[in-house]
Amino acid sequence: MKIYIMGIESTAHTFGCGIVTSNGEILSNVKSEYMPPSGGIHPREASQHHSQKALSVIKKALEEAKISLYDIDGVAISLGPGLGPCLRTGATIARAIALLINKPLIPVNHCVAHIEIGRLITKEEDPLVVYVSGGNTIISAFSDGRYRVFGETLDIALGNCLDVFARHLGLPHPGVPKLEALADKGKNFIFLPYIVKGQDVSYSGLLTTAIKYIGKYDSCDLSMSLLETAYGMLAEVTERALAHTEKTSLLLTGGVARSLRLQRILKSVCEEHSARFHVVPPELAGDNGAMIAWTGYLAYKENITIPIESSFIKQRWRLDEVEIPWRMRY
Ligand code: AMP
Ligand code: MG
């Protein structure tokens, strides 16, 4: 019998609803992204966007999937990590739907979902994962029942670092593609703080210095140098993780996975190690409901559900805290 799972995503700027089946078909994946008129994402304003858009996004997801709400067998909710007000809005909606249709609520970790949708789409069983977005920078591989962290940012995320710099140059959101266009015209490399500590990276000092140099150096040179430095740091720790874990493939995901420059660099790292290189397609690489639904299905199969009364959000829910019983056979 086919099982239908609905997934709700609302950890940051995106409100998404996706519907998948137990066969791994993505029946729909609808989202609405909050775009701040200026500056960064204000959690309360993003959460207001989510509550305003939720109904239309969910309706459209059901229409596209050509099923009724009552065909759904479980409601998966991304309980964290993320911004408190945004998480609360999504969780409230998911709880209400689960209660209405009297079906289980399934807790999903947002970072696990980025990995699972990549595994589904690329058919790679056991890749090393590089997850880079506005809020996360994580290198992870499966080992001993969990997705272990083999490198992460010690402060701000890669996407956030680049977006803040882009804003200081007066470029609108999303900043990374605009910076990349400037970087393509850069000629002179400017030395910027390259901070790698063990397997971790630190982007905040790099950002502060790059901002300080605005006006002193050419914007194209500065953009090129910032991207090369930031991506180079990531490539260094990725390469060590690949060598250490001996994984034979690499999966690049998250919003910044769309960067062609980053793809080029990581592809060359893979070639050095004879590893296969994959990038998750953009609509599934950025935050979305389908990845929550699919991970929800994997959890549902293992009877992982959560009572409404204890379905608290977890703003700082780490990837490596989550047990992954559906992969225990490794
Ligand atoms: P996410 O948090 O997963 O939605 O990712 C958002 C990040 O992706 C932001 O830092 C954006 O600047 C970045 N981004 C958006 N479009 C692109 C693109 N075409 N190439 C590279 N990065 C992008
Ligand atoms: Mg994300």
# chains A, B, ... in the order shown; residues from 1 in each chain; ligands from 1
$ residues_near_ligand --ligand "ligand 1" --cutoff "7 Å" --atoms "only C-alpha atoms and all ligand atoms" --output "tab-separated table (two decimals) with N, CA, C and O atoms, in the first residue's frame"
chain	number	residue	atom	x	y	z
A	133	SER	N	24.57	26.80	3.22
A	133	SER	CA	23.39	27.63	2.96
A	133	SER	C	23.53	28.94	3.71
A	133	SER	O	24.62	29.28	4.20
A	134	GLY	N	22.41	29.68	3.79
A	134	GLY	CA	22.44	30.95	4.50
A	134	GLY	C	22.72	30.76	5.99
A	134	GLY	O	23.32	31.61	6.64
A	135	GLY	N	22.30	29.62	6.54
A	135	GLY	CA	22.42	29.42	7.98
A	135	GLY	C	23.30	28.26	8.42
A	135	GLY	O	23.54	28.09	9.61
A	159	GLY	N	27.00	31.15	3.45
A	159	GLY	CA	26.03	31.98	2.71
A	159	GLY	C	25.82	33.31	3.40
A	159	GLY	O	25.77	34.37	2.76
A	160	ASN	N	25.74	33.27	4.72
A	160	ASN	CA	25.54	34.50	5.49
A	160	ASN	C	26.73	35.45	5.33
A	160	ASN	O	26.56	36.65	5.11
A	162	LEU	N	28.82	35.68	2.83
A	162	LEU	CA	28.85	36.26	1.49
A	162	LEU	C	27.71	37.24	1.29
A	162	LEU	O	27.88	38.30	0.67
A	163	ASP	N	26.53	36.92	1.83
A	163	ASP	CA	25.37	37.82	1.68
A	163	ASP	C	25.60	39.14	2.41
A	163	ASP	O	25.22	40.20	1.90
A	173	HIS	N	19.60	40.98	-2.18
A	173	HIS	CA	19.50	39.54	-1.91
A	173	HIS	C	18.97	38.81	-3.14
A	173	HIS	O	18.11	39.35	-3.82
A	174	PRO	N	19.40	37.64	-3.49
A	174	PRO	CA	20.49	36.89	-2.87
A	174	PRO	C	21.85	37.37	-3.35
A	174	PRO	O	22.04	37.59	-4.56
A	175	GLY	N	22.77	37.51	-2.44
A	175	GLY	CA	24.04	38.15	-2.74
A	175	GLY	C	25.03	37.29	-3.51
A	175	GLY	O	25.81	37.80	-4.32
A	176	VAL	N	25.02	35.98	-3.25
A	176	VAL	CA	26.11	35.15	-3.78
A	176	VAL	C	26.22	35.20	-5.32
A	176	VAL	O	27.31	35.44	-5.85
A	177	PRO	N	25.11	35.03	-6.07
A	177	PRO	CA	25.27	35.07	-7.53
A	177	PRO	C	25.80	36.41	-8.03
A	177	PRO	O	26.57	36.45	-9.00
A	254	GLY	N	22.32	22.54	-0.29
A	254	GLY	CA	22.09	23.83	0.37
A	254	GLY	C	22.06	24.93	-0.68
A	254	GLY	O	22.47	24.71	-1.83
A	255	GLY	N	21.58	26.11	-0.32
A	255	GLY	CA	21.41	27.21	-1.28
A	255	GLY	C	22.68	27.58	-2.03
A	255	GLY	O	22.65	27.88	-3.23
A	256	VAL	N	23.83	27.54	-1.33
A	256	VAL	CA	25.08	27.97	-1.97
A	256	VAL	C	25.63	26.88	-2.91
A	256	VAL	O	26.56	27.12	-3.68
A	257	ALA	N	25.01	25.70	-2.90
A	257	ALA	CA	25.40	24.63	-3.83
A	257	ALA	C	25.21	25.09	-5.28
A	257	ALA	O	25.81	24.52	-6.20
A	258	ARG	N	24.38	26.12	-5.49
A	258	ARG	CA	24.16	26.62	-6.85
A	258	ARG	C	25.38	27.36	-7.40
A	258	ARG	O	25.42	27.69	-8.58
A	259	SER	N	26.35	27.67	-6.54
A	259	SER	CA	27.54	28.41	-6.98
A	259	SER	C	28.40	27.57	-7.92
A	259	SER	O	28.94	26.54	-7.54
A	260	LEU	N	28.53	28.04	-9.16
A	260	LEU	CA	29.33	27.29	-10.14
A	260	LEU	C	30.79	27.26	-9.75
A	260	LEU	O	31.50	26.28	-9.97
A	285	ALA	N	17.86	21.67	-3.41
A	285	ALA	CA	19.06	22.02	-2.65
A	285	ALA	C	18.73	23.09	-1.61
A	285	ALA	O	19.23	23.05	-0.48
A	286	GLY	N	17.90	24.05	-1.98
A	286	GLY	CA	17.46	25.08	-1.03
A	286	GLY	C	16.40	24.48	-0.11
A	286	GLY	O	15.94	23.35	-0.32
A	287	ASP	N	16.02	25.23	0.92
A	287	ASP	CA	15.03	24.71	1.87
A	287	ASP	C	13.71	24.39	1.14
A	287	ASP	O	13.26	25.19	0.32
$ residues_around --residues "His13 of chain A" --least-positions-apart "6" --cutoff "6 Å" --atoms "only C-alpha atoms" --output "PDB file with N, CA and C atoms, in the first residue's frame"
ATOM      1  N   GLU A  33       9.126  32.093  -0.448  1.00  0.00           N
ATOM      2  CA  GLU A  33      10.332  32.559   0.240  1.00  0.00           C
ATOM      3  C   GLU A  33      10.160  34.011   0.681  1.00  0.00           C
ATOM      4  N   TYR A  34      10.471  34.275   1.939  1.00  0.00           N
ATOM      5  CA  TYR A  34      10.397  35.645   2.455  1.00  0.00           C
ATOM      6  C   TYR A  34      11.614  36.427   1.984  1.00  0.00           C
ATOM      7  N   ALA A  46       9.776  37.213   9.122  1.00  0.00           N
ATOM      8  CA  ALA A  46       9.751  35.981   8.321  1.00  0.00           C
ATOM      9  C   ALA A  46       8.611  35.075   8.804  1.00  0.00           C
TER      10      ALA A  46
END
$ select_by_dssp --residues "segment 85-153 of chain A" --states "strand (DSSP E or B)" --output "list in words"
Leu105, Ile106, Pro107, Val108, Asn109, Leu128, Val129, Val130, Tyr131, Val132, Thr137, Ile138, Ile139, Ser140, Ala141, Phe142, Ser143, Arg146, Tyr147, Arg148, Val149, Phe150, Gly151, Glu152 and Thr153 of chain A
$ write_last_selection --atoms "N, CA, C and O atoms" --output "short mmCIF file (atom, residue, chain, number, x, y, z; two decimals), in the first residue's frame"
data_model
loop_
_atom_site.label_atom_id
_atom_site.label_comp_id
_atom_site.auth_asym_id
_atom_site.auth_seq_id
_atom_site.Cartn_x
_atom_site.Cartn_y
_atom_site.Cartn_z
N LEU A 105 2.27 12.90 13.88
CA LEU A 105 3.20 14.00 13.62
C LEU A 105 4.60 13.39 13.67
O LEU A 105 4.93 12.63 14.59
N ILE A 106 5.43 13.71 12.68
CA ILE A 106 6.76 13.08 12.57
C ILE A 106 7.83 14.17 12.70
O ILE A 106 7.87 15.08 11.88
N PRO A 107 8.69 14.06 13.72
CA PRO A 107 9.73 15.09 13.90
C PRO A 107 10.89 14.87 12.94
O PRO A 107 11.39 13.76 12.82
N VAL A 108 11.30 15.95 12.25
CA VAL A 108 12.41 15.85 11.30
C VAL A 108 13.45 16.93 11.60
O VAL A 108 13.09 18.08 11.85
N ASN A 109 14.71 16.53 11.58
CA ASN A 109 15.81 17.49 11.69
C ASN A 109 16.10 18.03 10.29
O ASN A 109 16.33 17.26 9.35
N LEU A 128 29.89 11.62 1.18
CA LEU A 128 30.29 12.70 2.09
C LEU A 128 29.42 13.89 1.66
O LEU A 128 29.25 14.13 0.47
N VAL A 129 28.85 14.60 2.64
CA VAL A 129 27.93 15.69 2.30
C VAL A 129 28.52 17.04 2.69
O VAL A 129 29.03 17.20 3.80
N VAL A 130 28.46 17.99 1.75
CA VAL A 130 28.82 19.37 2.05
C VAL A 130 27.53 20.18 1.95
O VAL A 130 26.94 20.28 0.87
N TYR A 131 27.07 20.68 3.09
CA TYR A 131 25.80 21.40 3.15
C TYR A 131 26.08 22.87 3.46
O TYR A 131 26.52 23.20 4.56
N VAL A 132 25.88 23.71 2.46
CA VAL A 132 26.21 25.14 2.61
C VAL A 132 25.01 26.00 2.26
O VAL A 132 24.48 25.92 1.15
N THR A 137 26.81 25.51 7.57
CA THR A 137 28.02 25.12 6.84
C THR A 137 28.50 23.84 7.53
O THR A 137 29.08 23.90 8.61
N ILE A 138 28.20 22.70 6.93
CA ILE A 138 28.47 21.42 7.60
C ILE A 138 29.04 20.41 6.60
O ILE A 138 28.52 20.28 5.49
N ILE A 139 30.08 19.72 7.04
CA ILE A 139 30.58 18.59 6.26
C ILE A 139 30.26 17.35 7.08
O ILE A 139 30.65 17.26 8.25
N SER A 140 29.53 16.44 6.50
CA SER A 140 29.03 15.32 7.28
C SER A 140 29.13 14.00 6.53
O SER A 140 29.01 13.96 5.30
N ALA A 141 29.33 12.94 7.30
CA ALA A 141 29.32 11.60 6.72
C ALA A 141 28.66 10.66 7.72
O ALA A 141 28.74 10.87 8.93
N PHE A 142 28.02 9.63 7.19
CA PHE A 142 27.36 8.66 8.06
C PHE A 142 28.39 7.72 8.67
O PHE A 142 29.28 7.22 7.98
N SER A 143 28.27 7.51 9.97
CA SER A 143 29.15 6.56 10.65
C SER A 143 28.48 6.13 11.95
O SER A 143 28.01 6.98 12.71
N ARG A 146 24.80 7.48 12.92
CA ARG A 146 24.44 8.90 12.88
C ARG A 146 25.18 9.62 11.77
O ARG A 146 26.22 9.15 11.30
N TYR A 147 24.66 10.80 11.39
CA TYR A 147 25.40 11.67 10.49
C TYR A 147 26.38 12.47 11.34
O TYR A 147 26.00 13.38 12.07
N ARG A 148 27.66 12.07 11.26
CA ARG A 148 28.69 12.73 12.08
C ARG A 148 29.16 14.00 11.39
O ARG A 148 29.18 14.07 10.16
N VAL A 149 29.58 14.95 12.19
CA VAL A 149 30.07 16.22 11.63
C VAL A 149 31.59 16.14 11.50
O VAL A 149 32.31 16.00 12.49
N PHE A 150 32.06 16.24 10.25
CA PHE A 150 33.50 16.18 9.98
C PHE A 150 34.04 17.55 9.63
O PHE A 150 35.05 17.68 8.95
N GLY A 151 33.37 18.58 10.09
CA GLY A 151 33.80 19.95 9.83
C GLY A 151 32.57 20.84 9.81
O GLY A 151 31.51 20.42 9.35
N GLU A 152 32.72 22.04 10.38
CA GLU A 152 31.59 22.97 10.39
C GLU A 152 32.13 24.37 10.64
O GLU A 152 33.32 24.54 10.91
N THR A 153 31.25 25.36 10.56
CA THR A 153 31.70 26.71 10.85
C THR A 153 31.70 26.93 12.36
O THR A 153 30.84 26.40 13.07
#
$ atom_distance --atom1 "atom CA of Ala299 of chain A" --atom2 "atom CA of Ile5 of chain A"
10.8 Å
$ closest_residue --among "A:Gly145, A:Pro127, A:Gly186, A:Gly296" --to "Thr253 of chain A" --atoms "only C-alpha atoms"
A:Pro127
$ select_by_dssp --residues "segment 74-140 of chain A" --states "alpha helix (DSSP H)" --output "number ranges by chain"
A: 84-101, 110-122
$ write_last_selection --atoms "C-alpha atoms" --output "PDB file, in the first residue's frame"
ATOM      1  CA  GLY A  84      12.424  30.349  16.864  1.00  0.00           C
ATOM      2  CA  PRO A  85       9.432  32.341  15.566  1.00  0.00           C
ATOM      3  CA  CYS A  86       9.646  30.691  12.134  1.00  0.00           C
ATOM      4  CA  LEU A  87       9.880  27.179  13.617  1.00  0.00           C
ATOM      5  CA  ARG A  88       6.946  27.863  15.938  1.00  0.00           C
ATOM      6  CA  THR A  89       4.708  28.993  13.085  1.00  0.00           C
ATOM      7  CA  GLY A  90       5.423  25.868  11.020  1.00  0.00           C
ATOM      8  CA  ALA A  91       5.071  23.551  14.021  1.00  0.00           C
ATOM      9  CA  THR A  92       1.705  25.058  14.965  1.00  0.00           C
ATOM     10  CA  ILE A  93       0.397  24.497  11.435  1.00  0.00           C
ATOM     11  CA  ALA A  94       1.733  20.922  11.241  1.00  0.00           C
ATOM     12  CA  ARG A  95       0.238  20.044  14.646  1.00  0.00           C
ATOM     13  CA  ALA A  96      -3.139  21.435  13.582  1.00  0.00           C
ATOM     14  CA  ILE A  97      -3.149  19.363  10.388  1.00  0.00           C
ATOM     15  CA  ALA A  98      -2.094  16.178  12.215  1.00  0.00           C
ATOM     16  CA  LEU A  99      -4.875  16.696  14.755  1.00  0.00           C
ATOM     17  CA  LEU A 100      -7.437  17.448  12.071  1.00  0.00           C
ATOM     18  CA  ILE A 101      -6.765  14.308  10.041  1.00  0.00           C
ATOM     19  CA  HIS A 110      16.275  20.026   8.881  1.00  0.00           C
ATOM     20  CA  CYS A 111      19.945  19.093   8.258  1.00  0.00           C
ATOM     21  CA  VAL A 112      19.164  15.367   8.085  1.00  0.00           C
ATOM     22  CA  ALA A 113      16.497  16.218   5.489  1.00  0.00           C
ATOM     23  CA  HIS A 114      19.026  18.041   3.275  1.00  0.00           C
ATOM     24  CA  ILE A 115      21.113  14.862   3.266  1.00  0.00           C
ATOM     25  CA  GLU A 116      18.266  12.383   2.739  1.00  0.00           C
ATOM     26  CA  ILE A 117      16.757  14.208  -0.239  1.00  0.00           C
ATOM     27  CA  GLY A 118      20.221  14.312  -1.823  1.00  0.00           C
ATOM     28  CA  ARG A 119      20.626  10.564  -1.333  1.00  0.00           C
ATOM     29  CA  LEU A 120      17.201   9.935  -2.849  1.00  0.00           C
ATOM     30  CA  ILE A 121      17.801  12.111  -5.908  1.00  0.00           C
ATOM     31  CA  THR A 122      21.372  11.101  -6.710  1.00  0.00           C
TER      32      THR A 122
END
$ closest_residue --among "A:Ser38, A:Ser78, A:Gln48, A:Thr248" --to "Cys17 of chain A" --atoms "only C-alpha atoms"
A:Ser78
$ atom_distance --atom1 "atom CA of Ser223 of chain A" --atom2 "atom CA of Leu158 of chain A"
13.9 Å
$ closest_residue --among "A:Glu239, A:Asp218, A:Asp320, A:Glu309" --to "Gln199 of chain A" --atoms "only C-alpha atoms"
A:Glu239
$ closest_residue --among "A:His168, A:His244, A:His50, A:Lys185" --to "Thr208 of chain A" --atoms "only C-alpha atoms"
A:His168
$ closest_residue --among "A:Asn188, A:Leu83, A:Met224, A:Leu55" --to "Ala210 of chain A" --atoms "only C-alpha atoms"
A:Met224
$ residues_around --residues "Val279 of chain A" --least-positions-apart "2" --cutoff "8 Å" --atoms "only C-alpha atoms" --output "PyMOL selection string"
chain A and resi 251-253+257+263+277+281
$ atom_distance --atom1 "atom CA of Ile8 of chain A" --atom2 "atom CA of His278 of chain A"
25.5 Å
$ closest_residue --among "A:Thr238, A:Thr295, A:Gln315, A:Ser51" --to "Cys270 of chain A" --atoms "only C-alpha atoms"
A:Thr238
$ residues_around --residues "Leu62 of chain A" --least-positions-apart "6" --cutoff "12 Å" --atoms "only C-alpha atoms" --output "count of residues only"
20
